[in-house]
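**Q** The structure file query_36.cif (mmCIF, C-alpha atoms and all ligand atoms) is provided below.
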```
data_target
#
loop_
_atom_site.label_atom_id
_atom_site.label_comp_id
_atom_site.auth_asym_id
_atom_site.auth_seq_id
_atom_site.Cartn_x
_atom_site.Cartn_y
_atom_site.Cartn_z
CA MET E 1 24.21 29.97 -5.86
CA VAL E 2 20.84 30.72 -4.28
CA GLU E 3 21.06 33.55 -1.73
CA LYS E 4 21.13 32.44 1.92
CA LYS E 5 18.35 34.94 2.65
CA ILE E 6 15.92 33.18 0.30
CA ILE E 7 16.67 29.81 1.90
CA LYS E 8 16.14 31.26 5.36
CA GLU E 9 12.82 32.83 4.37
CA MET E 10 11.60 29.49 3.06
CA ARG E 11 12.59 27.73 6.27
CA ASP E 12 10.84 30.36 8.36
CA TYR E 13 7.71 30.08 6.24
CA ALA E 14 7.78 26.27 6.59
CA ASN E 15 8.14 26.48 10.38
CA LEU E 16 5.33 29.00 10.73
CA ASN E 17 2.96 27.12 8.46
CA ASN E 18 3.83 23.55 9.43
CA VAL E 19 5.16 22.59 6.03
CA PRO E 20 7.24 19.41 6.43
CA ILE E 21 10.39 20.33 4.49
CA ILE E 22 13.39 18.04 4.41
CA LEU E 23 15.86 18.09 7.33
CA ASP E 24 19.38 19.55 6.91
CA GLU E 25 21.03 16.14 7.02
CA GLY E 26 18.67 14.84 4.36
CA ILE E 27 19.16 17.69 1.91
CA ASN E 28 22.94 17.58 2.38
CA PHE E 29 22.85 13.87 1.60
CA LEU E 30 20.81 14.49 -1.56
CA ARG E 31 23.09 17.31 -2.70
CA ASP E 32 26.18 15.11 -2.25
CA TYR E 33 24.51 12.27 -4.11
CA ILE E 34 23.62 14.57 -7.02
CA LYS E 35 27.17 15.93 -7.18
CA LYS E 36 28.98 12.57 -6.89
CA ASN E 37 26.78 10.82 -9.42
CA ASN E 38 26.63 13.68 -11.88
CA ILE E 39 22.82 13.74 -11.78
CA LYS E 40 21.36 16.24 -14.28
CA ARG E 41 17.66 15.41 -14.66
CA ILE E 42 15.64 15.13 -11.48
CA LEU E 43 11.99 14.32 -10.83
CA GLU E 44 10.51 15.17 -7.43
CA ILE E 45 7.16 13.93 -6.14
CA GLY E 46 5.95 16.43 -3.49
CA THR E 47 7.21 19.99 -4.03
CA ALA E 48 5.62 21.66 -1.01
CA ILE E 49 7.02 25.22 -1.21
CA GLY E 50 9.98 24.36 -3.43
CA TYR E 51 12.62 24.13 -0.72
CA SER E 52 14.21 20.79 -1.67
CA ALA E 53 13.64 21.47 -5.39
CA ILE E 54 15.60 24.72 -5.18
CA LEU E 55 18.43 23.25 -3.12
CA MET E 56 18.81 20.23 -5.41
CA SER E 57 18.80 22.38 -8.55
CA ASP E 58 21.35 24.66 -6.97
CA VAL E 59 24.06 21.94 -6.96
CA ALA E 60 25.06 22.67 -10.58
CA GLU E 61 23.93 25.12 -13.24
CA ASP E 62 23.00 22.46 -15.78
CA ILE E 63 20.57 20.54 -13.57
CA ILE E 64 16.93 20.52 -14.60
CA LEU E 65 14.16 19.46 -12.25
CA THR E 66 10.48 18.66 -12.56
CA SER E 67 8.40 18.61 -9.39
CA ILE E 68 4.76 17.67 -8.75
CA GLU E 69 2.49 19.16 -6.06
CA ARG E 70 -1.27 18.76 -5.57
CA ASP E 71 -1.86 21.43 -2.90
CA GLU E 72 -2.63 24.77 -4.53
CA VAL E 73 -1.44 27.05 -1.70
CA ARG E 74 1.92 25.27 -1.56
CA TYR E 75 2.23 25.13 -5.33
CA LEU E 76 1.70 28.91 -5.58
CA GLU E 77 4.23 29.52 -2.80
CA ALA E 78 6.72 27.29 -4.65
CA ILE E 79 6.22 29.29 -7.85
CA LYS E 80 7.04 32.49 -5.94
CA ASN E 81 10.15 30.99 -4.34
CA ILE E 82 11.46 29.60 -7.61
CA LYS E 83 11.10 33.04 -9.20
CA LYS E 84 12.93 34.67 -6.30
CA ALA E 85 15.74 32.14 -6.71
CA ASN E 86 15.87 32.82 -10.47
CA LEU E 87 15.34 29.16 -11.25
CA GLU E 88 12.23 29.38 -13.48
CA GLU E 89 14.20 28.21 -16.48
CA ARG E 90 15.43 25.04 -14.76
CA ILE E 91 12.57 24.04 -12.47
CA ASN E 92 9.29 22.92 -13.98
CA LEU E 93 6.35 22.62 -11.57
CA ILE E 94 3.27 20.53 -12.19
CA PHE E 95 0.13 21.29 -10.17
CA LYS E 96 -1.65 17.94 -10.04
CA ASP E 97 -2.02 14.72 -8.09
CA ALA E 98 1.15 12.82 -9.00
CA LEU E 99 -0.80 9.63 -9.63
CA GLU E 100 -2.63 11.44 -12.46
CA VAL E 101 0.44 12.84 -14.18
CA ASP E 102 1.82 11.38 -17.39
CA LEU E 103 5.46 12.13 -18.09
CA LYS E 104 7.28 11.66 -21.35
CA ASP E 105 10.85 12.48 -20.31
CA SER E 106 13.31 10.26 -18.44
CA TYR E 107 15.16 11.21 -15.28
CA ASP E 108 18.51 10.25 -13.73
CA MET E 109 17.07 10.43 -10.23
CA ILE E 110 13.59 10.48 -8.70
CA PHE E 111 12.99 11.86 -5.22
CA ILE E 112 9.79 10.54 -3.61
CA ASP E 113 8.62 12.85 -0.82
CA ALA E 114 4.81 13.07 -0.95
CA SER E 115 2.02 11.15 0.79
CA LYS E 116 3.85 8.38 2.68
CA ALA E 117 0.90 5.99 2.31
CA GLN E 118 1.26 6.04 -1.47
CA ASN E 119 4.98 5.29 -1.81
CA ILE E 120 4.54 1.91 -3.53
CA LYS E 121 2.17 3.49 -6.06
CA PHE E 122 4.59 6.34 -6.76
CA PHE E 123 7.48 3.93 -7.13
CA GLU E 124 5.64 1.63 -9.54
CA LYS E 125 4.31 4.50 -11.60
CA PHE E 126 7.47 6.56 -11.93
CA GLU E 127 10.11 3.84 -12.29
CA LYS E 128 9.01 3.93 -15.94
CA SER E 129 10.37 7.47 -16.13
CA LEU E 130 13.77 6.50 -14.76
CA ILE E 131 16.84 5.95 -16.96
CA ASP E 132 18.24 2.39 -17.04
CA LYS E 133 20.77 2.84 -14.24
CA GLY E 134 18.83 5.51 -12.39
CA THR E 135 18.15 5.93 -8.68
CA ILE E 136 14.97 6.46 -6.71
CA ILE E 137 15.43 8.10 -3.31
CA THR E 138 12.61 8.08 -0.76
CA ASP E 139 12.43 10.40 2.25
CA ASN E 140 10.90 9.84 5.72
CA MET E 141 11.52 6.09 5.91
CA ASN E 142 11.77 6.36 9.73
CA PHE E 143 8.81 8.73 10.04
CA HIS E 144 10.05 10.52 13.16
CA GLY E 145 11.33 7.25 14.61
CA LEU E 146 7.86 5.68 14.59
CA VAL E 147 8.72 2.99 12.03
CA ASP E 148 11.01 1.29 14.57
CA GLU E 149 8.46 1.68 17.35
CA ASN E 150 6.30 -1.27 18.40
CA ILE E 151 3.13 -0.59 16.42
CA GLU E 152 0.93 -1.28 19.49
CA ASN E 153 2.46 1.72 21.26
CA ILE E 154 1.14 4.15 18.67
CA GLU E 155 -2.16 5.48 19.96
CA SER E 156 -3.71 7.08 16.92
CA ARG E 157 -5.24 4.63 14.48
CA ASN E 158 -4.40 6.79 11.44
CA LEU E 159 -0.80 7.04 12.47
CA ARG E 160 -0.67 3.28 13.03
CA GLN E 161 -1.98 2.71 9.50
CA LEU E 162 0.58 5.10 8.08
CA VAL E 163 3.47 3.43 9.90
CA LYS E 164 2.24 0.04 8.64
CA LYS E 165 2.29 1.38 5.09
CA ILE E 166 5.87 2.63 5.44
CA LYS E 167 6.88 -0.78 6.82
CA ASN E 168 5.19 -2.43 3.83
CA TYR E 169 7.04 -0.11 1.50
CA LYS E 170 10.31 -1.13 3.14
CA VAL E 171 9.52 -4.80 2.46
CA PHE E 172 8.47 -3.91 -1.08
CA LEU E 173 11.88 -2.29 -1.66
CA GLU E 174 13.82 -5.15 -0.03
CA GLU E 175 12.03 -7.70 -2.18
CA ASN E 176 12.19 -5.73 -5.43
CA GLU E 177 14.33 -7.76 -7.85
CA MET E 178 14.95 -4.91 -10.25
CA PHE E 179 16.43 -2.55 -7.66
CA ILE E 180 19.00 -2.79 -4.91
CA THR E 181 18.05 -0.61 -1.93
CA GLU E 182 20.18 0.78 0.86
CA PHE E 183 18.57 2.38 3.91
CA PHE E 184 20.29 5.29 5.64
CA ASP E 185 19.60 6.65 9.11
CA ILE E 186 20.07 10.14 7.80
CA GLY E 187 17.61 12.92 8.50
CA ASP E 188 14.22 11.20 8.83
CA GLY E 189 15.53 8.03 7.15
CA MET E 190 16.26 7.73 3.44
CA ALA E 191 16.07 4.79 1.05
CA VAL E 192 18.36 4.79 -1.99
CA SER E 193 17.17 2.34 -4.63
CA LYS E 194 19.43 1.79 -7.63
CA ARG E 195 18.23 -0.09 -10.66
CA LYS E 196 20.42 -3.13 -11.26
N1 LIG Z 201 9.98 17.93 -0.84
C1 LIG Z 201 9.55 19.03 0.01
C2 LIG Z 201 8.55 18.60 1.06
C3 LIG Z 201 7.35 17.91 0.52
S1 LIG Z 201 6.10 17.70 1.76
C4 LIG Z 201 10.77 19.59 0.71
O1 LIG Z 201 11.51 18.81 1.35
O2 LIG Z 201 11.01 20.80 0.64
C5 LIG Z 201 5.03 16.61 0.89
C6 LIG Z 201 4.16 17.30 -0.16
O3 LIG Z 201 3.62 16.31 -1.01
C7 LIG Z 201 2.98 18.06 0.42
O4 LIG Z 201 3.07 19.41 0.07
C8 LIG Z 201 1.74 17.40 -0.21
O5 LIG Z 201 0.74 18.31 -0.57
C9 LIG Z 201 2.34 16.73 -1.43
N2 LIG Z 201 1.63 15.54 -1.89
C10 LIG Z 201 1.19 14.50 -1.13
N3 LIG Z 201 0.62 13.57 -1.90
C11 LIG Z 201 0.70 14.02 -3.19
C12 LIG Z 201 0.27 13.51 -4.44
N4 LIG Z 201 -0.37 12.33 -4.53
N5 LIG Z 201 0.53 14.24 -5.56
C13 LIG Z 201 1.16 15.43 -5.47
N6 LIG Z 201 1.58 15.96 -4.31
C14 LIG Z 201 1.36 15.28 -3.18
MG MG Z 202 10.21 14.59 3.53
#
```
Just give me the structure as C-alpha cells.
Ligand code: SAH
Ligand code: MG

**A**
Amino acid sequence: MVEKKIIKEMRDYANLNNVPIILDEGINFLRDYIKKNNIKRILEIGTAIGYSAILMSDVAEDIILTSIERDEVRYLEAIKNIKKANLEERINLIFKDALEVDLKDSYDMIFIDASKAQNIKFFEKFEKSLIDKGTIITDNMNFHGLVDENIENIESRNLRQLVKKIKNYKVFLEENEMFITEFFDIGDGMAVSKRK
C-alpha cells in the first residue's frame, strides 16, 4: 500500500501547479474496475505526475503499468513520485508524444487521459495493443459539464472546438462496431469500451 502522505503530497502539488489529476470518484471507479476484472497489465496515455498511475498500480502487487507523458517537467515529477512510492519495478514511464510511441506488449486495459482533442487518434492507435477482450477507459467525457452544454453558450473558440471534439469522440465510440461502450457520470465522465 502506498503511504497516505505520498498521495497527499501529490494532490497538493497538483493543486498548486494546476495539474489536472483524476477526481476521487474517477480513481475509485478505476480501482474497482481493475480489482473486479483482475486487470494486470495497464497502459496509460497521459501520466502527468504519476498520480493515477500510482493509485492504479497500488490495487494489487502483481499489476504492471506503462504510462506515456510528453511534458518533461511532469514526467520528471512522475519519476520522483514513483520512486517515493517504491513502484519503479512495476511502473514503466515513457517520455514521448504518445502518437509517436510504438509498443510491442499487449495490455488488459488502456486508460486514455491525455489531450482530449486527440482521443480518436489514441483509441485507433492503441487498440492494437489491447488483448482480445480488453477494455479502453477514457476520462473527462463530460469535460467539466461542458459537453452537455449548448455549444453556442461557450464563449471561447478554443474551448468550443475542444467540446466539439469530445462530442465527436462520443459518436465515434457509439458507432464503433468492434467495441461496446458504456458512459458513466462518474467524476468528470468516463467511457468504458469493451471489445466484443
Ligand atoms: N492521468 C493523470 C492526469 C493526466 S493530465 C492523473 O489522473 O493523475 C493529461 C496529461 O497528458 C498532461 O500531463 C499532458 O502533458 C499529457 N499529454 C497530452 N497529450 C499528450 C500526448 N499526445 N502524448 C503524451 N502525453 C500527452
Ligand atoms: Mg483526466

**Q** Show me, as a list in words, the residues that have an atom within 8 Å of Ala114 of chain E when counting only C-alpha atoms, minus same-chain residues fewer than 2 positions from it.

**A**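 So, after excluding close chain neighbours, the residues are Ile45, Gly46, Thr47, Ile112, Lys116, Gln118 and Asn119 of chain E.
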
**Q** For a cutoff of 12 Å around the file-coordinate point (1.9, 27.3, 6.7), which residues qualify once you count only C-alpha atoms? I'd like the result as a list in words.

**A**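 Here the neighbourhood of the point contains Met10, Arg11, Asp12, Tyr13, Ala14, Asn15, Leu16, Asn17, Asn18, Val19, Pro20, Ile21, Ala48, Ile49, Asp71, Val73, Arg74 and Glu77 of chain E.
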
**Q** Go ahead and write the selection's residues with C-alpha atoms as a PDB file, keeping the file's coordinate frame.

**A**
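Contents of part01.pdb, as written:
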```
ATOM      1  CA  MET E  10      11.600  29.490   3.060  1.00  0.00           C
ATOM      2  CA  ARG E  11      12.590  27.730   6.270  1.00  0.00           C
ATOM      3  CA  ASP E  12      10.840  30.360   8.360  1.00  0.00           C
ATOM      4  CA  TYR E  13       7.710  30.080   6.240  1.00  0.00           C
ATOM      5  CA  ALA E  14       7.780  26.270   6.590  1.00  0.00           C
ATOM      6  CA  ASN E  15       8.140  26.480  10.380  1.00  0.00           C
ATOM      7  CA  LEU E  16       5.330  29.000  10.730  1.00  0.00           C
ATOM      8  CA  ASN E  17       2.960  27.120   8.460  1.00  0.00           C
ATOM      9  CA  ASN E  18       3.830  23.550   9.430  1.00  0.00           C
ATOM     10  CA  VAL E  19       5.160  22.590   6.030  1.00  0.00           C
ATOM     11  CA  PRO E  20       7.240  19.410   6.430  1.00  0.00           C
ATOM     12  CA  ILE E  21      10.390  20.330   4.490  1.00  0.00           C
ATOM     13  CA  ALA E  48       5.620  21.660  -1.010  1.00  0.00           C
ATOM     14  CA  ILE E  49       7.020  25.220  -1.210  1.00  0.00           C
ATOM     15  CA  ASP E  71      -1.860  21.430  -2.900  1.00  0.00           C
ATOM     16  CA  VAL E  73      -1.440  27.050  -1.700  1.00  0.00           C
ATOM     17  CA  ARG E  74       1.920  25.270  -1.560  1.00  0.00           C
ATOM     18  CA  GLU E  77       4.230  29.520  -2.800  1.00  0.00           C
TER      19      GLU E  77
END
```

**Q** For ligand MG 202 (chain Z), collect every residue having any atom at a distance of at most 6 Å from a ligand atom (counting only C-alpha atoms and all ligand atoms); output as a PyMOL selection string.

**A** chain E and resi 21-22+113+139-140

**Q** Env of Ile82 of chain E: 8 Å cut, atoms = only C-alpha atoms, seq-sep filter 3 positions within chain, self excluded. Answer as a VMD selection string.

**A** chain E and resid 50 54 78 to 79 85 to 88 91

**Q** So how many Å separate atom CA of Leu130 of chain E and atom CA of Phe143 of chain E, to one decimal?

**A** 25.4 Å

**Q** Which residue is closest to ligand LIG 201 (chain Z)? Choose from E:Glu127, E:Asp105, E:Asp188, E:Asp148 and count all atoms listed in the file.

**A** E:Asp188

**Q** Compare E:Lys8, E:Lys96, E:Lys80, E:Arg31 by their minimum atom-to-atom distance to Ile63 of chain E, counting only C-alpha atoms, and give me the closest one.

**A**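 Answer, going by the shortest atom-to-atom distance: E:Arg31.
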
**Q** Looking at all atoms listed in the file, which of E:Tyr75, E:Ile42, E:Phe95, E:Gln161 is the one that sits closest to Tyr107 of chain E?

**A**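 The shortest atom-to-atom distance to Tyr107 of chain E comes from E:Ile42.
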
**Q** State, in Å with one decimal place, the distance from atom CA of Ser193 of chain E to atom CA of Asn150 of chain E.

**A**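 If I compute the distance from atom CA of Ser193 of chain E to atom CA of Asn150 of chain E, I get 25.7 Å.
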
**Q** Pick from E:Asn158, E:Glu152, E:Ser129, E:Ile120: nearest to Phe172 of chain E, with only C-alpha atoms counted?

**A**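 Of E:Asn158, E:Glu152, E:Ser129, E:Ile120, the one nearest Phe172 of chain E, counting only C-alpha atoms, is E:Ile120.
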
**Q** Identify the residues around (5.7, 3.0, 4.4) within a radius of 8 Å, measuring from all atoms listed in the file in the coordinates stated by the file, and give them as a PyMOL selection string.

**A** chain E and resi 116-119+141+162-170

**Q** One number please: atom CA of Leu55 of chain E to atom CA of Ile110 of chain E, in Å, one decimal.

**A** 14.8 Å

**Q** I want to know what sits within 6 Å of Asp108 of chain E, based on only C-alpha atoms, with residues of the same chain fewer than 5 positions away left out; could you give that as a list in words?

**A**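 After dropping sequence-adjacent residues, the list is Ile39, Arg41, Ile131 and Gly134 of chain E.
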
**Q** Which is closest to ligand LIG 201 (chain Z) among E:Glu9, E:Asp58, E:Glu3, E:Asp97, if we use only C-alpha atoms and all ligand atoms?

**A**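 That would be E:Asp97, the residue with the smallest distance to ligand LIG 201 (chain Z).
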